[in-house]
>>> print(open('upload_18.csv').read())   # CSV, C-alpha atoms and all ligand atoms
chain,number,residue,atom,x,y,z
A,126,MET,CA,38.0,-37.8,-50.3
A,127,PHE,CA,38.3,-35.2,-47.7
A,128,SER,CA,39.7,-31.9,-49.2
A,129,SER,CA,42.1,-29.8,-47.1
A,130,THR,CA,39.5,-27.0,-47.3
A,131,ARG,CA,37.0,-29.4,-45.7
A,132,ARG,CA,39.6,-30.4,-43.0
A,133,ARG,CA,40.6,-26.7,-42.4
A,134,THR,CA,37.0,-25.5,-42.3
A,135,ALA,CA,36.1,-28.2,-39.8
A,136,GLY,CA,39.1,-27.2,-37.7
A,137,ALA,CA,38.3,-23.4,-37.9
A,138,MET,CA,34.7,-24.1,-37.1
A,139,ILE,CA,35.5,-26.1,-34.0
A,140,ALA,CA,38.1,-23.4,-32.9
A,141,SER,CA,35.7,-20.5,-33.4
A,142,LEU,CA,32.9,-22.2,-31.6
A,143,ALA,CA,35.2,-22.8,-28.6
A,144,VAL,CA,36.5,-19.2,-28.7
A,145,LEU,CA,33.0,-17.7,-28.9
A,146,GLY,CA,32.0,-20.0,-26.0
A,147,LEU,CA,29.3,-21.5,-28.1
A,148,ALA,CA,30.1,-24.9,-26.6
A,149,ALA,CA,26.4,-25.4,-26.3
A,150,CYS,CA,26.3,-26.1,-30.1
A,151,SER,CA,26.3,-29.8,-30.6
A,152,SER,CA,29.1,-31.5,-32.5
A,153,GLU,CA,26.5,-32.3,-35.2
A,154,GLN,CA,26.1,-28.5,-35.7
A,155,ALA,CA,29.8,-28.0,-36.2
A,156,SER,CA,30.2,-31.0,-38.6
A,157,THR,CA,26.9,-30.0,-40.4
A,158,ASP,CA,28.3,-26.5,-40.9
A,159,ALA,CA,31.5,-28.1,-42.3
A,160,GLY,CA,29.3,-30.4,-44.4
A,161,SER,CA,27.2,-27.5,-45.7
A,162,ASP,CA,30.4,-25.6,-46.6
A,163,SER,CA,31.2,-28.3,-49.2
A,164,GLY,CA,27.5,-29.0,-49.9
A,165,ASP,CA,27.8,-32.6,-48.7
A,166,THR,CA,25.2,-34.0,-46.3
A,167,GLY,CA,27.3,-36.6,-44.5
A,168,SER,CA,29.3,-35.4,-41.5
A,169,ALA,CA,33.1,-36.0,-41.3
A,170,ALA,CA,32.5,-38.4,-38.5
A,171,GLU,CA,30.2,-40.7,-40.5
A,172,GLU,CA,32.1,-41.1,-43.7
A,173,THR,CA,34.7,-44.0,-44.1
A,174,ILE,CA,38.3,-42.8,-44.1
A,175,SER,CA,40.4,-44.5,-46.8
A,176,ILE,CA,43.9,-45.0,-45.6
A,177,GLY,CA,46.9,-46.4,-47.5
A,178,PHE,CA,49.5,-48.0,-45.2
A,179,SER,CA,53.0,-49.1,-46.3
A,180,GLN,CA,54.6,-51.6,-43.8
A,181,VAL,CA,58.3,-52.3,-43.6
A,182,GLY,CA,58.0,-56.0,-44.1
A,183,ALA,CA,57.5,-59.2,-41.9
A,184,GLU,CA,61.1,-59.4,-40.6
A,185,SER,CA,60.4,-60.0,-36.9
A,186,GLY,CA,58.0,-60.9,-34.2
A,187,TRP,CA,57.7,-57.2,-33.4
A,188,ARG,CA,56.6,-56.4,-37.0
A,189,ALA,CA,54.0,-59.2,-36.9
A,190,ALA,CA,52.5,-57.7,-33.7
A,191,ASN,CA,52.6,-54.2,-35.2
A,192,THR,CA,50.9,-55.3,-38.4
A,193,LYS,CA,48.2,-57.1,-36.4
A,194,SER,CA,47.5,-54.0,-34.3
A,195,ILE,CA,47.1,-51.9,-37.4
A,196,GLN,CA,44.9,-54.4,-39.3
A,197,ASP,CA,42.8,-55.2,-36.2
A,198,THR,CA,42.2,-51.5,-35.5
A,199,LEU,CA,41.7,-49.8,-38.9
A,200,THR,CA,38.6,-51.8,-39.8
A,201,GLN,CA,35.4,-50.9,-41.6
A,202,GLU,CA,33.6,-51.1,-38.3
A,203,ASN,CA,35.9,-48.4,-36.9
A,204,GLY,CA,35.3,-46.2,-40.0
A,205,PHE,CA,38.3,-47.1,-42.1
A,206,ASP,CA,38.9,-48.6,-45.5
A,207,LEU,CA,42.5,-49.9,-45.1
A,208,SER,CA,44.8,-50.6,-48.1
A,209,PHE,CA,47.9,-52.4,-46.6
A,210,SER,CA,51.2,-53.4,-48.3
A,211,ASP,CA,54.3,-55.2,-47.2
A,212,ALA,CA,57.6,-53.8,-48.7
A,213,GLN,CA,59.8,-56.8,-47.8
A,214,GLN,CA,62.2,-54.2,-46.1
A,215,LYS,CA,62.8,-52.4,-49.4
A,216,GLN,CA,62.5,-48.6,-49.6
A,217,GLU,CA,61.7,-48.7,-53.3
A,218,ASN,CA,58.7,-50.9,-52.6
A,219,GLN,CA,57.5,-48.5,-50.0
A,220,ILE,CA,57.8,-45.5,-52.3
A,221,GLN,CA,56.0,-47.4,-55.0
A,222,ALA,CA,53.2,-48.3,-52.6
A,223,LEU,CA,52.9,-44.7,-51.4
A,224,ARG,CA,52.7,-43.4,-55.0
A,225,SER,CA,50.0,-45.9,-55.8
A,226,TYR,CA,47.9,-44.8,-52.8
A,227,ILE,CA,48.4,-41.2,-53.9
A,228,GLN,CA,47.1,-42.2,-57.4
A,229,GLN,CA,44.1,-43.9,-55.8
A,230,GLY,CA,43.3,-40.6,-54.0
A,231,VAL,CA,43.2,-42.1,-50.5
A,232,ASP,CA,42.2,-39.7,-47.6
A,233,VAL,CA,45.3,-40.4,-45.5
A,234,LEU,CA,48.7,-42.0,-46.0
A,235,ALA,CA,50.6,-43.8,-43.2
A,236,PHE,CA,53.8,-45.8,-43.2
A,237,SER,CA,56.8,-47.0,-41.1
A,238,PRO,CA,59.9,-45.8,-43.0
A,239,VAL,CA,62.3,-48.7,-43.4
A,240,VAL,CA,65.2,-46.2,-43.3
A,241,GLU,CA,65.4,-42.5,-42.3
A,242,THR,CA,66.4,-40.8,-45.5
A,243,GLY,CA,65.2,-40.6,-49.1
A,244,TRP,CA,61.5,-39.8,-48.5
A,245,ASP,CA,61.2,-36.0,-49.4
A,246,ALA,CA,60.2,-36.5,-53.0
A,247,VAL,CA,57.3,-38.9,-52.4
A,248,LEU,CA,56.2,-36.8,-49.3
A,249,GLU,CA,56.2,-33.7,-51.5
A,250,GLU,CA,54.0,-35.6,-54.0
A,251,ALA,CA,51.6,-36.4,-51.2
A,252,LYS,CA,51.5,-32.8,-50.0
A,253,ALA,CA,50.9,-31.6,-53.6
A,254,ALA,CA,48.0,-34.1,-53.8
A,255,ASP,CA,46.7,-32.7,-50.5
A,256,ILE,CA,46.9,-36.1,-48.7
A,257,PRO,CA,48.1,-35.9,-45.1
A,258,VAL,CA,50.8,-38.4,-44.0
A,259,ILE,CA,51.2,-40.0,-40.6
A,260,LEU,CA,54.5,-41.8,-39.6
A,261,THR,CA,54.3,-44.8,-37.3
A,262,ASP,CA,57.1,-46.7,-35.6
A,263,ARG,CA,60.1,-45.2,-37.3
A,264,ALA,CA,61.1,-41.6,-38.1
A,265,VAL,CA,62.2,-39.9,-41.3
A,266,ASP,CA,65.2,-37.6,-41.4
A,267,SER,CA,63.7,-34.6,-43.2
A,268,ASP,CA,64.4,-30.8,-42.8
A,269,ASP,CA,60.7,-30.2,-43.6
A,270,ASP,CA,58.4,-31.5,-40.9
A,271,SER,CA,55.4,-30.0,-42.7
A,272,LEU,CA,55.7,-33.2,-44.9
A,273,TYR,CA,53.9,-35.2,-42.2
A,274,GLU,CA,51.2,-34.6,-39.6
A,275,SER,CA,52.6,-36.7,-36.8
A,276,PHE,CA,55.2,-39.4,-35.8
A,277,ILE,CA,53.9,-42.1,-33.5
A,278,GLY,CA,56.7,-44.3,-32.0
A,279,SER,CA,59.0,-45.2,-29.2
A,280,ASP,CA,62.0,-43.3,-28.1
A,281,PHE,CA,64.8,-45.5,-29.5
A,282,VAL,CA,67.6,-43.5,-27.9
A,283,LEU,CA,66.1,-44.0,-24.5
A,284,GLU,CA,65.7,-47.8,-25.3
A,285,GLY,CA,69.5,-47.9,-26.0
A,286,GLU,CA,70.3,-45.9,-22.9
A,287,THR,CA,68.1,-48.2,-20.7
A,288,ALA,CA,69.9,-51.3,-22.1
A,289,GLY,CA,73.3,-49.7,-21.5
A,290,GLU,CA,72.5,-48.4,-18.0
A,291,TRP,CA,71.5,-51.9,-16.9
A,292,ALA,CA,74.6,-53.4,-18.5
A,293,VAL,CA,76.8,-50.9,-16.5
A,294,GLU,CA,74.9,-51.6,-13.3
A,295,GLN,CA,75.4,-55.3,-13.7
A,296,TYR,CA,78.8,-55.7,-15.3
A,297,ASP,CA,80.9,-52.6,-14.9
A,298,GLY,CA,84.3,-53.3,-13.4
A,299,GLU,CA,84.7,-56.8,-15.0
A,300,GLY,CA,86.2,-55.6,-18.3
A,301,TYR,CA,83.3,-56.9,-20.4
A,302,GLN,CA,83.9,-57.3,-24.1
A,303,VAL,CA,80.7,-56.5,-26.0
A,304,VAL,CA,79.5,-57.4,-29.5
A,305,GLU,CA,76.6,-55.6,-31.0
A,306,LEU,CA,74.0,-56.9,-33.4
A,307,GLN,CA,72.7,-53.8,-35.1
A,308,GLY,CA,69.3,-53.4,-36.8
A,309,THR,CA,68.8,-52.5,-40.4
A,310,THR,CA,71.5,-50.1,-41.6
A,311,GLY,CA,70.1,-46.5,-41.8
A,312,ALA,CA,66.9,-47.4,-39.8
A,313,ALA,CA,66.0,-45.0,-37.0
A,314,PRO,CA,65.9,-47.7,-34.3
A,315,ALA,CA,69.3,-49.0,-35.4
A,316,ILE,CA,70.9,-45.6,-35.4
A,317,ASP,CA,69.3,-44.5,-32.1
A,318,ARG,CA,69.6,-47.7,-30.1
A,319,LYS,CA,73.3,-47.8,-30.9
A,320,ALA,CA,73.8,-44.1,-29.9
A,321,GLY,CA,71.8,-44.5,-26.7
A,322,PHE,CA,73.8,-47.6,-25.6
A,323,GLU,CA,77.1,-46.0,-26.4
A,324,THR,CA,76.2,-43.0,-24.3
A,325,ALA,CA,75.1,-45.1,-21.4
A,326,ILE,CA,78.3,-47.2,-21.2
A,327,GLU,CA,80.7,-44.1,-21.5
A,328,GLY,CA,83.0,-44.0,-18.5
A,329,SER,CA,82.4,-47.7,-17.7
A,330,ASP,CA,84.9,-50.5,-18.6
A,331,LEU,CA,82.5,-52.2,-21.0
A,332,GLU,CA,84.0,-52.1,-24.5
A,333,ILE,CA,82.2,-52.7,-27.8
A,334,ILE,CA,84.8,-54.8,-29.7
A,335,ASP,CA,82.6,-55.3,-32.8
A,336,SER,CA,79.3,-54.2,-34.3
A,337,GLN,CA,77.5,-55.5,-37.4
A,338,THR,CA,74.0,-55.4,-38.8
A,339,GLY,CA,71.8,-58.5,-38.6
A,340,ASN,CA,69.0,-56.6,-40.3
A,341,PHE,CA,66.5,-57.3,-37.4
A,342,THR,CA,66.1,-60.9,-38.5
A,343,ARG,CA,66.8,-64.1,-36.5
A,344,THR,CA,68.7,-65.8,-39.4
A,345,GLU,CA,71.0,-62.9,-40.0
A,346,GLY,CA,71.5,-62.4,-36.2
A,347,LYS,CA,72.6,-66.0,-36.0
A,348,GLN,CA,75.0,-65.7,-39.0
A,349,VAL,CA,76.7,-62.5,-37.6
A,350,MET,CA,77.0,-64.1,-34.2
A,351,GLU,CA,78.6,-67.2,-35.7
A,352,GLY,CA,81.2,-64.9,-37.3
A,353,PHE,CA,81.8,-63.1,-34.0
A,354,LEU,CA,82.4,-66.4,-32.2
A,355,GLN,CA,84.9,-67.5,-34.9
A,356,LYS,CA,86.7,-64.1,-34.6
A,357,TYR,CA,86.8,-63.7,-30.8
A,358,ASP,CA,87.2,-66.2,-27.9
A,359,ASP,CA,86.4,-63.7,-25.1
A,360,ILE,CA,83.0,-62.3,-25.8
A,361,ASP,CA,81.1,-61.5,-22.5
A,362,LEU,CA,78.0,-59.7,-23.7
A,363,VAL,CA,75.8,-59.5,-26.8
A,364,TYR,CA,73.7,-56.3,-27.3
A,365,ALA,CA,71.1,-57.0,-29.9
A,366,HIS,CA,68.8,-54.2,-31.3
A,367,ASN,CA,65.9,-56.6,-31.3
A,368,ASP,CA,64.8,-60.0,-29.8
A,369,ASP,CA,64.9,-61.8,-33.1
A,370,MET,CA,68.6,-61.2,-33.6
A,371,GLY,CA,69.2,-62.1,-30.0
A,372,LEU,CA,67.3,-65.4,-30.5
A,373,GLY,CA,69.6,-66.1,-33.5
A,374,ALA,CA,72.6,-65.3,-31.3
A,375,ILE,CA,71.4,-67.9,-28.8
A,376,GLU,CA,71.3,-70.6,-31.5
A,377,ALA,CA,74.9,-69.7,-32.5
A,378,ILE,CA,76.1,-69.6,-28.9
A,379,GLU,CA,74.6,-73.0,-28.1
A,380,ALA,CA,75.9,-74.5,-31.4
A,381,ALA,CA,79.4,-73.4,-30.1
A,382,GLY,CA,78.9,-75.4,-26.9
A,383,MET,CA,78.4,-72.4,-24.6
A,384,VAL,CA,75.5,-71.4,-22.4
A,385,PRO,CA,73.6,-68.2,-23.4
A,386,GLY,CA,72.7,-66.0,-20.5
A,387,GLU,CA,75.6,-67.4,-18.5
A,388,ASP,CA,78.9,-67.9,-20.5
A,389,ILE,CA,77.7,-65.0,-22.7
A,390,LYS,CA,75.2,-62.5,-21.4
A,391,ILE,CA,72.5,-61.1,-23.8
A,392,ILE,CA,70.5,-57.9,-23.8
A,393,THR,CA,67.9,-57.2,-26.4
A,394,VAL,CA,65.1,-54.8,-27.3
A,395,ASP,CA,61.4,-55.4,-28.2
A,396,ALA,CA,60.0,-57.8,-25.5
A,397,VAL,CA,57.9,-59.9,-27.9
A,398,LYS,CA,56.7,-63.3,-26.6
A,399,ASP,CA,59.6,-65.4,-28.0
A,400,GLY,CA,62.1,-63.0,-26.5
A,401,MET,CA,60.3,-62.9,-23.1
A,402,GLN,CA,60.2,-66.7,-23.0
A,403,ALA,CA,64.0,-66.9,-23.6
A,404,LEU,CA,64.4,-64.2,-20.9
A,405,ALA,CA,62.3,-66.3,-18.5
A,406,ASP,CA,64.3,-69.4,-19.4
A,407,GLY,CA,67.5,-67.5,-18.5
A,408,LYS,CA,69.0,-67.5,-22.0
A,409,ILE,CA,68.6,-63.7,-22.2
A,410,ASN,CA,69.5,-61.4,-19.3
A,411,TYR,CA,67.5,-58.2,-19.9
A,412,ILE,CA,65.0,-56.9,-22.5
A,413,VAL,CA,63.9,-53.3,-23.1
A,414,GLU,CA,60.4,-53.2,-24.4
A,415,CYS,CA,59.4,-51.5,-27.7
A,416,ASN,CA,55.6,-51.4,-27.8
A,417,PRO,CA,54.3,-52.5,-31.3
A,418,LEU,CA,50.6,-51.9,-30.6
A,419,LEU,CA,50.4,-48.6,-32.6
A,420,GLY,CA,47.0,-49.2,-34.3
A,421,PRO,CA,44.8,-47.3,-31.8
A,422,ASP,CA,47.0,-44.2,-31.8
A,423,LEU,CA,47.2,-44.3,-35.6
A,424,ALA,CA,43.4,-44.5,-35.9
A,425,ASP,CA,42.9,-41.6,-33.4
A,426,VAL,CA,45.4,-39.3,-35.2
A,427,ALA,CA,43.9,-40.2,-38.6
A,428,LYS,CA,40.4,-39.3,-37.5
A,429,LYS,CA,41.6,-36.0,-35.9
A,430,VAL,CA,43.5,-35.1,-39.1
A,431,ILE,CA,40.4,-35.7,-41.2
A,432,ALA,CA,38.2,-33.7,-38.8
A,433,GLY,CA,40.6,-30.8,-39.1
A,434,GLU,CA,41.6,-31.1,-35.5
A,435,ALA,CA,45.2,-30.3,-34.2
A,436,VAL,CA,47.4,-33.4,-33.6
A,437,GLU,CA,50.7,-33.6,-31.8
A,438,LYS,CA,53.7,-33.7,-34.2
A,439,ARG,CA,55.4,-36.3,-32.0
A,440,ILE,CA,53.6,-39.0,-30.0
A,441,VAL,CA,56.1,-41.0,-27.8
A,442,VAL,CA,55.0,-44.5,-27.0
A,443,LYS,CA,55.9,-45.5,-23.5
A,444,ASP,CA,58.1,-48.6,-23.0
A,445,LYS,CA,59.0,-50.8,-20.0
A,446,ALA,CA,62.0,-53.1,-19.3
A,447,PHE,CA,62.3,-56.6,-17.9
A,448,ASP,CA,64.8,-58.8,-16.1
A,449,GLN,CA,64.4,-62.6,-15.9
A,450,GLU,CA,62.2,-62.4,-12.8
A,451,ALA,CA,59.9,-59.8,-14.3
A,452,ALA,CA,59.6,-61.8,-17.5
A,453,VAL,CA,58.3,-64.9,-15.6
A,454,GLU,CA,55.7,-62.6,-14.0
A,455,ALA,CA,54.7,-60.8,-17.2
A,456,LEU,CA,54.6,-63.7,-19.7
A,457,PRO,CA,51.1,-65.1,-18.9
A,458,SER,CA,49.4,-61.7,-19.7
A,459,ARG,CA,51.6,-60.5,-22.6
A,460,GLU,CA,49.5,-59.3,-25.6
A,461,TYR,CA,52.3,-59.9,-28.1
A,501,LIG,C1,61.1,-50.7,-33.6
A,501,LIG,C2,60.9,-51.4,-35.0
A,501,LIG,C3,62.0,-52.5,-35.1
A,501,LIG,C4,61.8,-53.5,-34.0
A,501,LIG,C5,62.3,-54.7,-34.8
A,501,LIG,O1,60.1,-49.7,-33.5
A,501,LIG,O2,61.0,-50.5,-36.1
A,501,LIG,O3,61.8,-53.1,-36.3
A,501,LIG,O4,62.6,-53.3,-32.9
A,501,LIG,C6,61.6,-54.5,-36.1
A,501,LIG,O5,62.0,-56.0,-34.2
A,501,LIG,O6,62.1,-55.3,-37.1
>>> encode(input="upload_18.csv", output="structure tokens", more="lines below")
Ligand code: GZL
Amino acid sequence: MFSSTRRRTAGAMIASLAVLGLAACSSEQASTDAGSDSGDTGSAAEETISIGFSQVGAESGWRAANTKSIQDTLTQENGFDLSFSDAQQKQENQIQALRSYIQQGVDVLAFSPVVETGWDAVLEEAKAADIPVILTDRAVDSDDDSLYESFIGSDFVLEGETAGEWAVEQYDGEGYQVVELQGTTGAAPAIDRKAGFETAIEGSDLEIIDSQTGNFTRTEGKQVMEGFLQKYDDIDLVYAHNDDMGLGAIEAIEAAGMVPGEDIKIITVDAVKDGMQALADGKINYIVECNPLLGPDLADVAKKVIAGEAVEKRIVVKDKAFDQEAAVEALPSREY
């Protein structure tokens, strides 16, 4: 286990070498000094980093791609000993997993918080155990940002704004009635994608007539859309917070004898393969990407934290957006 003294010594050593202009010293010299400080022989760079990762669940195509990226990157060959757990979208399972990793004395904790609130206690326990925490994908809503080293993820507000701006460009002036399939209640992407979309359509004549959570799953997205179709006979546009709920909405729209992408337009977020295929087939009209390939950034930040190097508190993952034409182009080379 890497103590915080070790991490801080390594960081101070690197900083002092840089300040004194002793750049000529090899990195071995810096890490050996750090090693000699604690009496170990191995350098920080050589020892395996044990990392405990609590994943939200397996609710969507995005989550499957995100899990693959993490498991494919945090391997023994890359210097990691990964313990990975799936919380089935339950916060209590994530807290339990984080506590067990703290008990095990891992070097680093990482997780994608299923919802924004309720994490301070377990994060305080990690801090007391001197185990650094890295957030991936989703944020926590905490007043104390010393409880984690870095948050690596997309800008969900921007994703919602990008979706809303396209909708306004395409459909403003036609009195569009919009229904919204929200992600998991309390989750950062659900809160922020809703806020971004609402901001973007302000001043247009697009109106959100109903909004309900489909919990980021295809099944629940279909069920909620079936309810909307029974309740309203004049829906023009579905805004779904992820592809999977959008794909569920397609099933419900087709079952009701209507043509998705034509009778009822659909805008989603993620740009996973199934969503991009539906976009290319004309059943979805626009998708804002949310890049799930966070494994490399997580590995990089974890190694820097253990080496005592400074890391950015917020690492924003860049996203693209696709219309139907762009989807046909992009599909053959999509990684996920
Ligand atoms: C976004 C991620 C969301 C995806 C959904 O970063 O948290 O969770 O948009 C997934 O597909 O379920």
>>> atom_distance(input="upload_18.csv", atom1="atom CA of Val436 of chain A", atom2="atom CA of Asp395 of chain A")
26.6 Å
>>> residues_near_ligand(input="upload_18.csv", ligand="ligand LIG 501 (chain A)", cutoff="8 Å", atoms="only C-alpha atoms and all ligand atoms", output="number ranges by chain")
A: 183-188, 237, 239, 262-263, 278-279, 281, 308-309, 312-314, 340-342, 366-369, 394-395, 415-417
>>> atom_distance(input="upload_18.csv", atom1="atom CA of Asp361 of chain A", atom2="atom CA of Gly382 of chain A")
14.7 Å
>>> residues_around(input="upload_18.csv", residues="Val349 of chain A", least_positions_apart="6", cutoff="12 Å", atoms="all atoms listed in the file", output="PyMOL selection string")
chain A and resi 304-308+335-343+355-356+363+365+370-371+373-378
>>> residues_around(input="upload_18.csv", residues="Lys408 of chain A", least_positions_apart="5", cutoff="6 Å", atoms="all atoms listed in the file", output="list of chain:residue names")
A:Pro385, A:Gly386, A:Ala403
>>> atom_distance(input="upload_18.csv", atom1="atom CA of Val442 of chain A", atom2="atom CA of Gly420 of chain A")
11.8 Å
>>> closest_residue(input="upload_18.csv", among="A:Glu437, A:Asp448, A:Asp232, A:Asp425", to="Tyr411 of chain A", atoms="all atoms listed in the file")
A:Asp448
>>> residues_around(input="upload_18.csv", residues="Ser329 of chain A", least_positions_apart="4", cutoff="9 Å", atoms="all atoms listed in the file", output="PDB file with C-alpha atoms, in the coordinates of the input")
ATOM      1  CA  VAL A 293      76.800 -50.900 -16.500  1.00  0.00           C
ATOM      2  CA  ASP A 297      80.900 -52.600 -14.900  1.00  0.00           C
ATOM      3  CA  GLY A 298      84.300 -53.300 -13.400  1.00  0.00           C
ATOM      4  CA  GLY A 300      86.200 -55.600 -18.300  1.00  0.00           C
ATOM      5  CA  ALA A 325      75.100 -45.100 -21.400  1.00  0.00           C
TER       6      ALA A 325
END
>>> closest_residue(input="upload_18.csv", among="A:Ile389, A:Met401, A:Ala380, A:Leu199", to="Asp358 of chain A", atoms="all atoms listed in the file")
A:Ile389
>>> closest_residue(input="upload_18.csv", among="A:Lys443, A:Ile431, A:Gly289, A:Phe236", to="Ile391 of chain A", atoms="all atoms listed in the file")
A:Gly289
>>> residues_near_point(input="upload_18.csv", point="(51.0, -44.6, -47.7)", cutoff="9 Å", atoms="all atoms listed in the file", output="short mmCIF file (atom, residue, chain, number, x, y, z; two decimals) with C-alpha atoms, in the frame of the given file")
data_model
loop_
_atom_site.label_atom_id
_atom_site.label_comp_id
_atom_site.auth_asym_id
_atom_site.auth_seq_id
_atom_site.Cartn_x
_atom_site.Cartn_y
_atom_site.Cartn_z
CA ILE A 176 43.90 -45.00 -45.60
CA GLY A 177 46.90 -46.40 -47.50
CA PHE A 178 49.50 -48.00 -45.20
CA SER A 179 53.00 -49.10 -46.30
CA GLN A 180 54.60 -51.60 -43.80
CA SER A 208 44.80 -50.60 -48.10
CA PHE A 209 47.90 -52.40 -46.60
CA SER A 210 51.20 -53.40 -48.30
CA GLN A 219 57.50 -48.50 -50.00
CA ILE A 220 57.80 -45.50 -52.30
CA ALA A 222 53.20 -48.30 -52.60
CA LEU A 223 52.90 -44.70 -51.40
CA ARG A 224 52.70 -43.40 -55.00
CA SER A 225 50.00 -45.90 -55.80
CA TYR A 226 47.90 -44.80 -52.80
CA ILE A 227 48.40 -41.20 -53.90
CA VAL A 231 43.20 -42.10 -50.50
CA VAL A 233 45.30 -40.40 -45.50
CA LEU A 234 48.70 -42.00 -46.00
CA ALA A 235 50.60 -43.80 -43.20
CA PHE A 236 53.80 -45.80 -43.20
CA ALA A 251 51.60 -36.40 -51.20
CA VAL A 258 50.80 -38.40 -44.00
CA ILE A 259 51.20 -40.00 -40.60
#
>>> closest_residue(input="upload_18.csv", among="A:Ala427, A:Ala452, A:Leu331, A:Ile174", to="Gln295 of chain A", atoms="all atoms listed in the file")
A:Leu331
>>> closest_residue(input="upload_18.csv", among="A:Ile412, A:Val247, A:Val430, A:Ile195", to="Glu217 of chain A", atoms="only C-alpha atoms")
A:Val247
>>> closest_residue(input="upload_18.csv", among="A:Ile316, A:Leu260, A:Leu456, A:Ile392", to="Leu362 of chain A", atoms="all atoms listed in the file")
A:Ile392
>>> decode(input="upload_18.csv", residues="segment 216-229 of chain A", atoms="N, CA and C atoms", output="mmCIF file, in the first residue's frame")
data_model
loop_
_atom_site.group_PDB
_atom_site.id
_atom_site.type_symbol
_atom_site.label_atom_id
_atom_site.label_comp_id
_atom_site.auth_asym_id
_atom_site.auth_seq_id
_atom_site.Cartn_x
_atom_site.Cartn_y
_atom_site.Cartn_z
ATOM 1 N N GLN A 216 -27.368 2.553 -4.624
ATOM 2 C CA GLN A 216 -26.341 3.301 -3.895
ATOM 3 C C GLN A 216 -25.826 2.498 -2.707
ATOM 4 N N GLU A 217 -26.724 1.780 -2.017
ATOM 5 C CA GLU A 217 -26.267 1.042 -0.823
ATOM 6 C C GLU A 217 -25.241 -0.024 -1.206
ATOM 7 N N ASN A 218 -25.390 -0.582 -2.400
ATOM 8 C CA ASN A 218 -24.414 -1.595 -2.851
ATOM 9 C C ASN A 218 -23.062 -0.944 -3.147
ATOM 10 N N GLN A 219 -23.106 0.283 -3.685
ATOM 11 C CA GLN A 219 -21.849 0.983 -3.974
ATOM 12 C C GLN A 219 -21.131 1.337 -2.665
ATOM 13 N N ILE A 220 -21.875 1.833 -1.698
ATOM 14 C CA ILE A 220 -21.266 2.194 -0.414
ATOM 15 C C ILE A 220 -20.662 0.963 0.251
ATOM 16 N N GLN A 221 -21.389 -0.163 0.178
ATOM 17 C CA GLN A 221 -20.891 -1.419 0.767
ATOM 18 C C GLN A 221 -19.594 -1.853 0.073
ATOM 19 N N ALA A 222 -19.573 -1.743 -1.244
ATOM 20 C CA ALA A 222 -18.368 -2.144 -1.996
ATOM 21 C C ALA A 222 -17.193 -1.244 -1.637
ATOM 22 N N LEU A 223 -17.436 0.071 -1.561
ATOM 23 C CA LEU A 223 -16.355 1.007 -1.235
ATOM 24 C C LEU A 223 -15.805 0.696 0.158
ATOM 25 N N ARG A 224 -16.699 0.387 1.102
ATOM 26 C CA ARG A 224 -16.259 0.068 2.461
ATOM 27 C C ARG A 224 -15.414 -1.211 2.464
ATOM 28 N N SER A 225 -15.799 -2.169 1.648
ATOM 29 C CA SER A 225 -15.018 -3.423 1.649
ATOM 30 C C SER A 225 -13.640 -3.182 1.050
ATOM 31 N N TYR A 226 -13.557 -2.312 0.039
ATOM 32 C CA TYR A 226 -12.238 -1.987 -0.534
ATOM 33 C C TYR A 226 -11.381 -1.237 0.487
ATOM 34 N N ILE A 227 -12.013 -0.374 1.286
ATOM 35 C CA ILE A 227 -11.266 0.344 2.328
ATOM 36 C C ILE A 227 -10.723 -0.676 3.334
ATOM 37 N N GLN A 228 -11.562 -1.631 3.720
ATOM 38 C CA GLN A 228 -11.141 -2.698 4.643
ATOM 39 C C GLN A 228 -9.948 -3.475 4.074
ATOM 40 N N GLN A 229 -10.017 -3.740 2.749
ATOM 41 C CA GLN A 229 -8.934 -4.498 2.091
ATOM 42 C C GLN A 229 -7.638 -3.691 2.043
#
